[in-house]
file run-v7.txt (compact mmCIF, C-alpha atoms)
# COMPACT_ATOMS: atom_id res chain seq x y z
CA MET A 1098 0.00 0.00 0.00
CA LYS A 1099 1.23 3.48 -0.86
CA PRO A 1100 2.34 5.77 2.00
CA GLN A 1101 -0.20 8.38 3.10
CA VAL A 1102 0.69 12.07 2.65
CA LEU A 1103 -1.26 14.96 4.13
CA GLN A 1104 -0.83 18.11 2.03
CA LEU A 1105 -1.64 21.37 3.82
CA ASN A 1106 -0.86 23.76 0.95
CA PRO A 1107 -1.30 23.50 -2.82
CA ILE A 1108 1.72 22.93 -5.05
CA LEU A 1109 1.25 24.84 -8.31
CA ILE A 1110 3.48 22.69 -10.50
CA PRO A 1111 1.33 20.08 -12.33
CA ALA A 1112 4.22 17.68 -12.94
CA ILE A 1113 5.01 17.59 -9.22
CA ASN A 1114 1.39 16.89 -8.33
CA ASP A 1115 1.38 14.05 -10.85
CA LYS A 1116 4.53 12.60 -9.30
CA LEU A 1117 3.09 12.90 -5.79
CA ALA A 1118 -0.07 11.10 -6.90
CA SER A 1119 1.94 8.32 -8.51
CA LEU A 1120 4.02 7.67 -5.39
CA TYR A 1121 1.62 8.32 -2.51
CA VAL A 1122 -1.98 8.54 -1.46
CA VAL A 1123 -2.30 12.31 -1.15
CA HIS A 1124 -4.94 13.89 1.07
CA LYS A 1125 -5.40 17.60 0.38
CA HIS A 1126 -6.26 19.11 3.74
CA PHE A 1127 -7.24 22.42 2.13
CA GLU A 1128 -10.00 20.66 0.16
CA LEU A 1129 -11.49 18.58 2.99
CA PRO A 1130 -15.06 19.60 3.95
CA ASP A 1131 -14.43 18.83 7.65
CA PRO A 1132 -10.68 18.71 8.31
CA GLN A 1133 -11.01 18.15 12.05
CA ALA A 1134 -13.31 15.16 11.68
CA TRP A 1135 -11.06 13.74 8.97
CA LEU A 1136 -8.01 14.04 11.21
CA ARG A 1137 -9.76 12.30 14.08
CA GLU A 1138 -10.60 9.39 11.81
CA HIS A 1139 -7.50 9.15 9.61
CA GLY A 1140 -4.68 11.01 11.38
CA ALA A 1141 -3.04 7.82 12.66
CA SER A 1142 -2.40 6.63 9.11
CA ILE A 1143 -0.46 9.70 7.88
CA ASP A 1144 3.21 9.08 7.09
CA ALA A 1145 4.26 12.53 5.83
CA VAL A 1146 3.05 16.14 5.86
CA ILE A 1147 3.76 18.69 3.13
CA THR A 1148 3.10 22.27 4.20
CA GLY A 1149 4.12 25.84 3.44
CA GLY A 1150 6.19 28.29 5.42
CA HIS A 1151 3.22 30.42 6.46
CA THR A 1152 0.88 27.54 7.21
CA GLY A 1153 3.40 25.35 9.01
CA ILE A 1154 1.70 22.81 11.25
CA SER A 1155 0.34 23.23 14.75
CA ARG A 1156 1.44 21.13 17.67
CA ALA A 1157 -2.18 20.05 18.10
CA MET A 1158 -2.20 18.63 14.58
CA LEU A 1159 1.19 17.00 15.04
CA GLU A 1160 -0.13 15.22 18.12
CA ARG A 1161 -2.90 13.71 15.99
CA LEU A 1162 -0.35 12.18 13.59
CA PRO A 1163 1.41 9.49 15.66
CA ALA A 1164 2.89 7.67 12.63
CA LEU A 1165 4.31 10.82 11.07
CA LYS A 1166 7.85 10.47 9.74
CA VAL A 1167 8.55 13.90 8.23
CA VAL A 1168 7.24 17.46 7.94
CA ALA A 1169 8.37 18.83 4.59
CA VAL A 1170 8.06 22.63 4.37
CA ASN A 1171 7.76 23.95 0.83
CA GLY A 1172 9.63 27.16 1.70
CA VAL A 1173 12.36 28.45 4.02
CA GLY A 1174 10.24 29.73 6.91
CA THR A 1175 9.69 27.40 9.84
CA ASP A 1176 8.20 29.98 12.22
CA ALA A 1177 4.85 28.17 12.17
CA VAL A 1178 6.33 24.77 13.10
CA ASP A 1179 7.09 23.80 16.69
CA LEU A 1180 10.68 22.76 16.02
CA ALA A 1181 11.43 22.02 19.67
CA TYR A 1182 8.52 19.58 19.87
CA CYS A 1183 9.55 17.94 16.59
CA ARG A 1184 13.13 17.67 17.80
CA ASP A 1185 12.04 16.02 21.04
CA ARG A 1186 9.93 13.60 19.05
CA GLY A 1187 12.79 12.83 16.64
CA LEU A 1188 10.68 14.10 13.76
CA PRO A 1189 12.55 15.56 10.77
CA VAL A 1190 11.40 18.99 9.61
CA THR A 1191 12.81 19.98 6.23
CA ALA A 1192 12.85 23.24 4.28
CA THR A 1193 13.85 24.21 0.76
CA LEU A 1194 16.95 26.11 1.83
CA GLY A 1195 18.95 27.60 -1.01
CA ALA A 1196 16.32 27.15 -3.72
CA LEU A 1197 14.89 30.65 -3.32
CA THR A 1198 18.12 32.61 -3.09
CA GLU A 1199 18.50 33.89 -6.65
CA ASP A 1200 14.85 34.85 -7.12
CA VAL A 1201 14.62 36.65 -3.77
CA ALA A 1202 17.79 38.59 -4.52
CA ASP A 1203 16.51 39.45 -8.00
CA LEU A 1204 13.27 40.81 -6.55
CA ALA A 1205 15.12 42.82 -3.89
CA ILE A 1206 17.06 44.64 -6.60
CA GLY A 1207 13.92 44.97 -8.72
CA LEU A 1208 12.01 46.53 -5.84
CA LEU A 1209 14.85 48.92 -5.10
CA ILE A 1210 15.16 50.07 -8.70
CA ALA A 1211 11.37 50.37 -8.98
CA ALA A 1212 11.24 52.48 -5.81
CA CYS A 1213 14.18 54.69 -6.79
CA ARG A 1214 12.95 55.31 -10.34
CA ASN A 1215 9.22 55.57 -9.48
CA LEU A 1216 8.48 52.84 -12.02
CA CYS A 1217 5.00 52.03 -10.74
CA ALA A 1218 3.93 55.69 -10.60
CA GLY A 1219 5.34 56.18 -14.10
CA ASP A 1220 3.44 53.16 -15.36
CA ARG A 1221 0.18 54.51 -13.93
CA PHE A 1222 0.90 57.95 -15.43
CA VAL A 1223 1.09 56.46 -18.92
CA ARG A 1224 -1.58 53.78 -18.46
CA ASN A 1225 -4.17 56.26 -17.14
CA GLY A 1226 -3.70 58.65 -20.07
CA GLN A 1227 -2.05 61.35 -17.95
CA TRP A 1228 0.92 61.70 -20.31
CA GLU A 1229 -1.33 62.99 -23.08
CA LEU A 1230 -2.91 65.48 -20.70
CA HIS A 1231 0.42 66.56 -19.16
CA PRO A 1232 3.17 66.08 -21.78
CA GLN A 1233 5.53 68.60 -20.20
CA PRO A 1234 8.85 67.07 -18.99
CA ASN A 1235 8.29 68.05 -15.35
CA ALA A 1236 4.89 66.34 -15.05
CA ILE A 1237 6.56 63.50 -13.16
CA PRO A 1238 9.10 64.41 -10.46
CA LEU A 1239 12.71 63.48 -11.05
CA ALA A 1240 13.72 60.08 -9.68
CA ARG A 1241 16.80 58.78 -7.87
CA ARG A 1242 19.69 56.95 -9.53
CA PHE A 1243 20.25 53.44 -8.17
CA SER A 1244 23.75 52.89 -9.54
CA GLY A 1245 26.35 53.88 -6.97
CA MET A 1246 23.95 54.07 -4.03
CA ARG A 1247 25.32 52.96 -0.65
CA VAL A 1248 23.48 49.72 0.08
CA GLY A 1249 23.16 48.41 3.63
CA ILE A 1250 22.17 44.76 3.95
CA VAL A 1251 20.54 43.38 7.09
CA GLY A 1252 21.43 39.68 7.26
CA MET A 1253 24.41 38.43 5.28
CA GLY A 1254 23.18 34.89 4.68
CA ARG A 1255 22.49 33.31 1.30
CA VAL A 1256 20.07 36.02 0.15
CA GLY A 1257 22.08 38.88 1.62
CA ARG A 1258 25.20 37.74 -0.22
CA ALA A 1259 23.29 37.34 -3.48
CA VAL A 1260 21.86 40.87 -3.10
CA ALA A 1261 25.37 42.19 -2.42
CA VAL A 1262 26.73 40.63 -5.62
CA ARG A 1263 23.96 42.19 -7.68
CA ALA A 1264 24.21 45.62 -6.04
CA ALA A 1265 28.00 45.62 -6.39
CA ALA A 1266 27.56 45.08 -10.14
CA PHE A 1267 25.78 48.46 -10.17
CA GLY A 1268 28.77 50.09 -8.50
CA CYS A 1269 27.12 50.22 -5.08
CA PRO A 1270 29.33 50.26 -1.98
CA ILE A 1271 28.10 47.49 0.34
CA ARG A 1272 27.86 47.47 4.12
CA TYR A 1273 26.06 44.92 6.26
CA THR A 1274 24.98 43.99 9.75
CA ASP A 1275 24.34 40.59 11.27
CA LEU A 1276 24.72 38.84 14.59
CA ARG A 1277 28.47 38.90 13.98
CA ALA A 1278 30.99 39.83 11.32
CA MET A 1279 31.48 37.15 8.64
CA ASP A 1280 35.07 36.03 8.15
CA ASP A 1281 34.45 35.11 4.50
CA VAL A 1282 32.76 38.41 3.53
CA ALA A 1283 34.80 41.32 2.21
CA TYR A 1284 32.09 43.95 2.70
CA ARG A 1285 32.29 46.25 5.71
CA PHE A 1286 30.52 45.07 8.85
CA VAL A 1287 28.53 47.64 10.86
CA PRO A 1288 27.44 46.28 14.27
CA GLY A 1289 24.44 48.55 14.88
CA LEU A 1290 21.33 48.76 12.71
CA VAL A 1291 20.89 52.49 13.31
CA ASP A 1292 24.51 53.09 12.33
CA LEU A 1293 24.08 50.96 9.20
CA ALA A 1294 20.97 52.94 8.23
CA ARG A 1295 22.81 56.21 8.78
CA GLU A 1296 25.60 55.08 6.43
CA SER A 1297 23.22 53.79 3.73
CA ASP A 1298 21.11 55.20 0.92
CA ALA A 1299 19.13 51.98 0.80
CA LEU A 1300 18.52 49.43 3.54
CA VAL A 1301 17.70 45.91 2.29
CA LEU A 1302 16.26 43.42 4.79
CA CYS A 1303 17.39 39.85 4.08
CA ALA A 1304 17.55 38.39 7.59
CA ALA A 1305 15.68 35.23 8.55
CA ALA A 1306 15.58 36.55 12.14
CA ASP A 1307 12.75 34.26 13.20
CA GLN A 1308 12.63 35.78 16.70
CA ALA A 1309 13.15 39.44 15.76
CA GLU A 1310 10.24 41.88 15.58
CA GLY A 1311 9.95 45.58 14.80
CA ILE A 1312 13.70 46.13 14.59
CA VAL A 1313 13.23 48.68 11.79
CA ASP A 1314 11.53 51.40 13.78
CA ALA A 1315 11.36 55.19 13.80
CA ALA A 1316 14.98 55.52 14.96
CA VAL A 1317 16.26 53.36 12.10
CA LEU A 1318 14.07 55.12 9.53
CA ASP A 1319 15.17 58.55 10.75
CA ALA A 1320 18.78 57.42 10.45
CA LEU A 1321 18.08 56.28 6.88
CA GLY A 1322 16.81 59.77 6.18
CA PRO A 1323 14.68 61.65 3.64
CA ARG A 1324 16.68 60.38 0.65
CA GLY A 1325 16.82 56.80 1.87
CA PHE A 1326 14.90 53.73 0.70
CA LEU A 1327 13.82 50.59 2.55
CA VAL A 1328 13.43 47.19 0.87
CA ASN A 1329 12.03 44.15 2.69
CA VAL A 1330 12.19 40.66 1.17
CA ALA A 1331 12.70 38.93 4.54
CA ARG A 1332 9.99 38.97 7.23
CA GLY A 1333 7.17 41.48 7.48
CA ARG A 1334 7.40 41.68 11.24
CA LEU A 1335 10.96 42.99 11.07
CA VAL A 1336 9.42 46.38 10.28
CA ASN A 1337 7.27 48.48 12.60
CA GLU A 1338 4.64 49.28 9.97
CA ALA A 1339 3.11 52.17 11.94
CA ASP A 1340 6.53 53.84 12.11
CA LEU A 1341 7.09 53.14 8.41
CA THR A 1342 3.79 54.66 7.30
CA GLN A 1343 4.46 57.75 9.38
CA ALA A 1344 7.98 58.09 8.00
CA LEU A 1345 6.70 57.82 4.43
CA ALA A 1346 3.82 60.24 4.99
CA GLY A 1347 6.14 62.77 6.61
CA GLY A 1348 8.83 62.48 3.93
CA ARG A 1349 11.31 61.22 6.51
CA ILE A 1350 12.35 58.50 4.05
CA ALA A 1351 12.11 58.64 0.27
CA GLY A 1352 10.36 55.34 -0.42
CA ALA A 1353 10.08 51.61 0.11
CA GLY A 1354 9.84 48.34 -1.79
CA LEU A 1355 7.97 45.66 0.15
CA ASP A 1356 7.25 42.00 -0.59
CA VAL A 1357 6.32 40.98 2.97
CA PHE A 1358 4.04 42.42 5.64
CA VAL A 1359 3.18 41.96 9.30
CA ASP A 1360 -0.37 40.62 8.83
CA GLU A 1361 -0.53 39.13 5.36
CA PRO A 1362 -2.57 39.40 3.22
CA ARG A 1363 -3.80 42.50 5.05
CA VAL A 1364 -1.62 45.46 4.07
CA PRO A 1365 -2.11 48.86 5.75
CA LEU A 1366 -4.17 51.25 3.65
CA ALA A 1367 -1.53 53.96 4.04
CA LEU A 1368 1.04 51.74 2.31
CA ARG A 1369 -1.38 50.75 -0.46
CA GLN A 1370 -2.22 54.37 -1.18
CA SER A 1371 1.33 55.72 -1.13
CA ASP A 1372 3.01 56.49 -4.45
CA SER A 1373 6.34 56.20 -2.62
CA VAL A 1374 5.88 52.47 -2.05
CA THR A 1375 6.29 49.57 -4.49
CA LEU A 1376 4.33 46.53 -3.32
CA GLN A 1377 4.38 42.82 -4.06
CA ALA A 1378 2.21 40.02 -2.65
CA HIS A 1379 4.96 37.93 -1.01
CA ARG A 1380 6.08 36.63 -4.39
CA ALA A 1381 9.86 36.69 -4.19
CA SER A 1382 10.12 32.99 -5.07
CA ALA A 1383 7.23 32.98 -7.55
CA THR A 1384 8.94 31.79 -10.72
CA TRP A 1385 8.46 28.47 -12.49
CA GLU A 1386 12.13 27.65 -12.03
CA THR A 1387 12.28 28.20 -8.29
CA ARG A 1388 8.88 26.73 -7.44
CA THR A 1389 9.79 23.60 -9.40
CA ALA A 1390 13.13 23.32 -7.62
CA MET A 1391 11.43 23.79 -4.25
CA ALA A 1392 8.83 21.12 -4.98
CA GLU A 1393 11.52 18.69 -6.12
CA MET A 1394 13.31 19.24 -2.80
CA VAL A 1395 10.07 18.51 -0.94
CA LEU A 1396 9.65 15.27 -2.89
CA ALA A 1397 13.23 14.28 -2.10
CA SER A 1398 12.76 15.00 1.62
CA VAL A 1399 9.61 12.89 1.81
CA ALA A 1400 11.21 10.01 -0.11
CA GLN A 1401 14.32 10.03 2.09
CA ALA A 1402 12.35 10.07 5.34
CA LEU A 1403 9.98 7.31 4.25
CA ALA A 1404 12.98 5.21 3.24
CA GLY A 1405 14.28 5.49 6.81
CA GLU A 1406 17.03 7.96 5.89
CA ARG A 1407 17.83 11.33 7.41
CA PRO A 1408 16.52 13.95 4.94
CA ALA A 1409 19.32 16.10 3.57
CA MET A 1410 17.41 19.30 4.36
CA SER A 1411 16.39 18.35 7.91
CA LEU A 1412 16.49 21.15 10.46
CA THR A 1413 15.74 19.03 13.52
CA THR A 1414 17.50 15.67 13.30

call {"tool": "encode", "arguments": {"input": "run-v7.txt", "output": "structure tokens"}}
result
Amino acid sequence: MKPQVLQLNPILIPAINDKLASLYVVHKHFELPDPQAWLREHGASIDAVITGGHTGISRAMLERLPALKVVAVNGVGTDAVDLAYCRDRGLPVTATLGALTEDVADLAIGLLIAACRNLCAGDRFVRNGQWELHPQPNAIPLARRFSGMRVGIVGMGRVGRAVAVRAAAFGCPIRYTDLRAMDDVAYRFVPGLVDLARESDALVLCAAADQAEGIVDAAVLDALGPRGFLVNVARGRLVNEADLTQALAGGRIAGAGLDVFVDEPRVPLALRQSDSVTLQAHRASATWETRTAMAEMVLASVAQALAGERPAMSLTT
């Protein structure tokens, strides 16, 4: 009999779904009419769980899956998984570490260029017919050059390093902050976040920082200053959104490019209405190439665990 897999989030790659169906009996939790009743009746038969970074899996659900051999997260975030409980239980929790790096770094640079050059406002100006009505050269305010900007990176892990490589190609001096200086990084380390903001024209958040919250606050934004830009492709909760909206409204920073938010999918109205902000719907990894690579890693993790092996991407065992 095929192993039983409980899938908590959809996978959008048809070939991966076909492969899952060929190897396992897949139960799509998100399509069940009464998930709680189903778990009570069938939870003891589940061998593997596939979930997403935001959904994770609750301890209460884990406790209903006594035969579970692996939790495979289709993403890099494990905030919503009780790792300590899984570790105590000897349960592997895997993530798709490394698969998202290039796409997230690409989007960080894209958001920064879009914010600096007012690309979204310019698009609306043309799309809404305003160019015909206001053809004069000064109808749109002058923008800010990205090339050569001082870029401060918060979190010099995989994504931070990839962002640094891309920004350096534009002639940008790079500084960074992290829990410690990295011996294998040539860029200048700045211990304090406020100091890094003060020395930067753009602050790019790349830190996993699962336990950090609101570290980009009014003091950091004021240090970044009225010509500074903030980009967040890391965690929404790293930013105090009330302080950010006030800084943008008061012209205390020049703009922002945001892919993540504190209470997704709810985004503050002030951010949605601001022409100084470029917004994305948490889509940094949303390319066919990366989503396919992530799903393949999930498949590999499940197969390894069900074969009695330690999954290569395990974070707990």

call {"tool": "residues_around", "arguments": {"input": "run-v7.txt", "residues": "Ala1367 (chain A)", "least_positions_apart": "2", "cutoff": "9 Å", "atoms": "only C-alpha atoms", "output": "ChimeraX atom specification"}}
result
/A:1342-1343,1346,1364-1365,1369-1371

call {"tool": "atom_distance", "arguments": {"input": "run-v7.txt", "atom1": "CA of Val1170 (chain A)", "atom2": "CA of Ala1278 (chain A)"}}
result
29.5 Å

call {"tool": "closest_atom_pairs", "arguments": {"input": "run-v7.txt", "of": "region 1284-1322 of chain A", "to": "region 1264-1274 of chain A", "cutoff": "9 Å", "atoms": "all atoms listed in the file", "output": "JSON lines"}}
result
{"residue": "A:Tyr1284", "atom": "CA", "partner": "A:Arg1272", "partner_atom": "CA", "distance": 5.7}
{"residue": "A:Arg1285", "atom": "CA", "partner": "A:Arg1272", "partner_atom": "CA", "distance": 4.9}
{"residue": "A:Phe1286", "atom": "CA", "partner": "A:Tyr1273", "partner_atom": "CA", "distance": 5.2}
{"residue": "A:Val1287", "atom": "CA", "partner": "A:Thr1274", "partner_atom": "CA", "distance": 5.2}
{"residue": "A:Pro1288", "atom": "CA", "partner": "A:Thr1274", "partner_atom": "CA", "distance": 5.6}
{"residue": "A:Gly1289", "atom": "CA", "partner": "A:Thr1274", "partner_atom": "CA", "distance": 6.9}
{"residue": "A:Leu1290", "atom": "CA", "partner": "A:Thr1274", "partner_atom": "CA", "distance": 6.7}
{"residue": "A:Leu1293", "atom": "CA", "partner": "A:Tyr1273", "partner_atom": "CA", "distance": 7.0}
{"residue": "A:Glu1296", "atom": "CA", "partner": "A:Arg1272", "partner_atom": "CA", "distance": 8.3}
{"residue": "A:Ser1297", "atom": "CA", "partner": "A:Arg1272", "partner_atom": "CA", "distance": 7.9}

call {"tool": "write_last_selection", "arguments": {"input": "run-v7.txt", "atoms": "C-alpha atoms", "output": "compact mmCIF listing (two decimals), in the coordinates of the input"}}
result
# COMPACT_ATOMS: atom_id res chain seq x y z
CA TYR A 1284 32.09 43.95 2.70
CA ARG A 1285 32.29 46.25 5.71
CA PHE A 1286 30.52 45.07 8.85
CA VAL A 1287 28.53 47.64 10.86
CA PRO A 1288 27.44 46.28 14.27
CA GLY A 1289 24.44 48.55 14.88
CA LEU A 1290 21.33 48.76 12.71
CA LEU A 1293 24.08 50.96 9.20
CA GLU A 1296 25.60 55.08 6.43
CA SER A 1297 23.22 53.79 3.73

call {"tool": "closest_atom_pairs", "arguments": {"input": "run-v7.txt", "of": "region 1189-1241 of chain A", "to": "region 1313-1331 of chain A", "cutoff": "12 Å", "atoms": "only C-alpha atoms", "output": "Markdown table"}}
result
| residue | atom | partner | partner_atom | distance |
| --- | --- | --- | --- | --- |
| A:Leu1197 | CA | A:Val1330 | CA | 11.3 |
| A:Thr1198 | CA | A:Val1330 | CA | 10.9 |
| A:Asp1200 | CA | A:Val1330 | CA | 10.5 |
| A:Val1201 | CA | A:Val1330 | CA | 6.8 |
| A:Ala1202 | CA | A:Val1330 | CA | 8.2 |
| A:Asp1203 | CA | A:Val1330 | CA | 10.2 |
| A:Leu1204 | CA | A:Val1330 | CA | 7.8 |
| A:Ala1205 | CA | A:Val1330 | CA | 6.2 |
| A:Ile1206 | CA | A:Val1328 | CA | 8.7 |
| A:Gly1207 | CA | A:Val1328 | CA | 9.9 |
| A:Leu1208 | CA | A:Val1328 | CA | 6.9 |
| A:Leu1209 | CA | A:Val1328 | CA | 6.4 |
| A:Ile1210 | CA | A:Phe1326 | CA | 10.1 |
| A:Ala1211 | CA | A:Val1328 | CA | 10.6 |
| A:Ala1212 | CA | A:Phe1326 | CA | 7.6 |
| A:Cys1213 | CA | A:Phe1326 | CA | 7.6 |
| A:Arg1214 | CA | A:Phe1326 | CA | 11.3 |
| A:Asn1215 | CA | A:Phe1326 | CA | 11.8 |
| A:Ala1240 | CA | A:Arg1324 | CA | 10.7 |
| A:Arg1241 | CA | A:Arg1324 | CA | 8.7 |

call {"tool": "atom_distance", "arguments": {"input": "run-v7.txt", "atom1": "CA of Asn1106 (chain A)", "atom2": "CA of Gly1149 (chain A)"}}
result
5.9 Å

call {"tool": "closest_residue", "arguments": {"input": "run-v7.txt", "among": "A:Leu1103, A:Ile1250, A:Val1336, A:Val1291", "to": "Glu1128 (chain A)", "atoms": "all atoms listed in the file"}}
result
A:Leu1103

call {"tool": "closest_residue", "arguments": {"input": "run-v7.txt", "among": "A:Val1146, A:Leu1300, A:Leu1230, A:Val1173", "to": "Met1246 (chain A)", "atoms": "only C-alpha atoms"}}
result
A:Leu1300

call {"tool": "residues_around", "arguments": {"input": "run-v7.txt", "residues": "region 1131-1140 of chain A", "least_positions_apart": "5", "cutoff": "8 Å", "atoms": "only C-alpha atoms", "output": "number ranges by chain"}}
result
A: 1126, 1161-1163

call {"tool": "closest_residue", "arguments": {"input": "run-v7.txt", "among": "A:Lys1099, A:Arg1247, A:Arg1184, A:Arg1349", "to": "Ala1145 (chain A)", "atoms": "all atoms listed in the file"}}
result
A:Lys1099

call {"tool": "closest_residue", "arguments": {"input": "run-v7.txt", "among": "A:Thr1375, A:Gln1233, A:Asn1171, A:Asn1337", "to": "Asp1360 (chain A)", "atoms": "all atoms listed in the file"}}
result
A:Asn1337

call {"tool": "closest_residue", "arguments": {"input": "run-v7.txt", "among": "A:Val1168, A:Cys1303, A:Met1394, A:Cys1183", "to": "Ala1259 (chain A)", "atoms": "all atoms listed in the file"}}
result
A:Cys1303

call {"tool": "closest_residue", "arguments": {"input": "run-v7.txt", "among": "A:Asp1144, A:Gly1352, A:Leu1117, A:Ser1382", "to": "Leu1403 (chain A)", "atoms": "only C-alpha atoms"}}
result
A:Asp1144

call {"tool": "atom_distance", "arguments": {"input": "run-v7.txt", "atom1": "CA of His1151 (chain A)", "atom2": "CA of Leu1120 (chain A)"}}
result
25.7 Å

call {"tool": "residues_around", "arguments": {"input": "run-v7.txt", "residues": "Ala1169 (chain A)", "least_positions_apart": "6", "cutoff": "10 Å", "atoms": "only C-alpha atoms", "output": "PyMOL selection string"}}
result
chain A and resi 1104+1145-1150+1153+1189-1193+1392+1394-1399+1402+1408+1410-1411

call {"tool": "residues_around", "arguments": {"input": "run-v7.txt", "residues": "Leu1345 (chain A)", "least_positions_apart": "5", "cutoff": "9 Å", "atoms": "all atoms listed in the file", "output": "PDB file with C-alpha atoms, in the coordinates of the input"}}
result
ATOM      1  CA  PRO A1323      14.680  61.650   3.640  1.00  0.00           C
ATOM      2  CA  ASP A1340       6.530  53.840  12.110  1.00  0.00           C
ATOM      3  CA  ILE A1350      12.350  58.500   4.050  1.00  0.00           C
ATOM      4  CA  ALA A1351      12.110  58.640   0.270  1.00  0.00           C
ATOM      5  CA  GLY A1352      10.360  55.340  -0.420  1.00  0.00           C
ATOM      6  CA  ALA A1353      10.080  51.610   0.110  1.00  0.00           C
ATOM      7  CA  LEU A1368       1.040  51.740   2.310  1.00  0.00           C
ATOM      8  CA  SER A1371       1.330  55.720  -1.130  1.00  0.00           C
ATOM      9  CA  SER A1373       6.340  56.200  -2.620  1.00  0.00           C
ATOM     10  CA  VAL A1374       5.880  52.470  -2.050  1.00  0.00           C
TER      11      VAL A1374
END

call {"tool": "axis_aligned_box", "arguments": {"input": "run-v7.txt", "around": "region 1174-1178 of chain A", "padding_each_side": "4 Å", "output": "lines of an AutoDock Vina configuration file"}}
result
center_x = 7.5
center_y = 27.4
center_z = 10.0
size_x = 13.4
size_y = 13.2
size_z = 14.2

call {"tool": "residues_around", "arguments": {"input": "run-v7.txt", "residues": "Gly1252 (chain A)", "least_positions_apart": "4", "cutoff": "6 Å", "atoms": "all atoms listed in the file", "output": "CSV table (one decimal) with C-alpha atoms, in the coordinates of the input"}}
result
chain,number,residue,atom,x,y,z
A,1257,GLY,CA,22.1,38.9,1.6
A,1275,ASP,CA,24.3,40.6,11.3
A,1303,CYS,CA,17.4,39.8,4.1
A,1304,ALA,CA,17.6,38.4,7.6

call {"tool": "decode", "arguments": {"input": "run-v7.txt", "residues": "region 1105-1119 of chain A", "atoms": "N, CA and C atoms", "output": "mmCIF file, in the first residue's frame"}}
result
data_model
loop_
_atom_site.group_PDB
_atom_site.id
_atom_site.type_symbol
_atom_site.label_atom_id
_atom_site.label_comp_id
_atom_site.auth_asym_id
_atom_site.auth_seq_id
_atom_site.Cartn_x
_atom_site.Cartn_y
_atom_site.Cartn_z
ATOM 1 N N LEU A 1105 -0.949 20.239 3.205
ATOM 2 C CA LEU A 1105 -1.640 21.371 3.821
ATOM 3 C C LEU A 1105 -1.709 22.594 2.920
ATOM 4 N N ASN A 1106 -0.863 22.646 1.898
ATOM 5 C CA ASN A 1106 -0.861 23.763 0.954
ATOM 6 C C ASN A 1106 -0.798 23.234 -0.473
ATOM 7 N N PRO A 1107 -1.411 23.925 -1.429
ATOM 8 C CA PRO A 1107 -1.304 23.498 -2.822
ATOM 9 C C PRO A 1107 0.132 23.638 -3.339
ATOM 10 N N ILE A 1108 0.492 22.787 -4.274
ATOM 11 C CA ILE A 1108 1.719 22.934 -5.053
ATOM 12 C C ILE A 1108 1.280 23.242 -6.476
ATOM 13 N N LEU A 1109 1.793 24.322 -7.054
ATOM 14 C CA LEU A 1109 1.254 24.841 -8.311
ATOM 15 C C LEU A 1109 1.947 24.291 -9.547
ATOM 16 N N ILE A 1110 2.768 23.271 -9.379
ATOM 17 C CA ILE A 1110 3.485 22.688 -10.503
ATOM 18 C C ILE A 1110 2.805 21.371 -10.863
ATOM 19 N N PRO A 1111 2.091 21.298 -11.991
ATOM 20 C CA PRO A 1111 1.329 20.084 -12.329
ATOM 21 C C PRO A 1111 2.177 18.814 -12.341
ATOM 22 N N ALA A 1112 3.394 18.874 -12.866
ATOM 23 C CA ALA A 1112 4.224 17.676 -12.944
ATOM 24 C C ALA A 1112 4.551 17.133 -11.556
ATOM 25 N N ILE A 1113 4.721 18.025 -10.587
ATOM 26 C CA ILE A 1113 5.006 17.594 -9.218
ATOM 27 C C ILE A 1113 3.782 16.931 -8.601
ATOM 28 N N ASN A 1114 2.618 17.507 -8.839
ATOM 29 C CA ASN A 1114 1.392 16.893 -8.333
ATOM 30 C C ASN A 1114 1.185 15.507 -8.929
ATOM 31 N N ASP A 1115 1.495 15.361 -10.215
ATOM 32 C CA ASP A 1115 1.379 14.047 -10.853
ATOM 33 C C ASP A 1115 2.332 13.051 -10.204
ATOM 34 N N LYS A 1116 3.542 13.495 -9.912
ATOM 35 C CA LYS A 1116 4.529 12.604 -9.298
ATOM 36 C C LYS A 1116 4.098 12.216 -7.887
ATOM 37 N N LEU A 1117 3.595 13.201 -7.132
ATOM 38 C CA LEU A 1117 3.086 12.896 -5.795
ATOM 39 C C LEU A 1117 1.982 11.836 -5.848
ATOM 40 N N ALA A 1118 1.052 12.027 -6.779
ATOM 41 C CA ALA A 1118 -0.073 11.104 -6.895
ATOM 42 C C ALA A 1118 0.369 9.707 -7.309
ATOM 43 N N SER A 1119 1.457 9.628 -8.068
ATOM 44 C CA SER A 1119 1.936 8.319 -8.506
ATOM 45 C C SER A 1119 2.651 7.558 -7.391
#
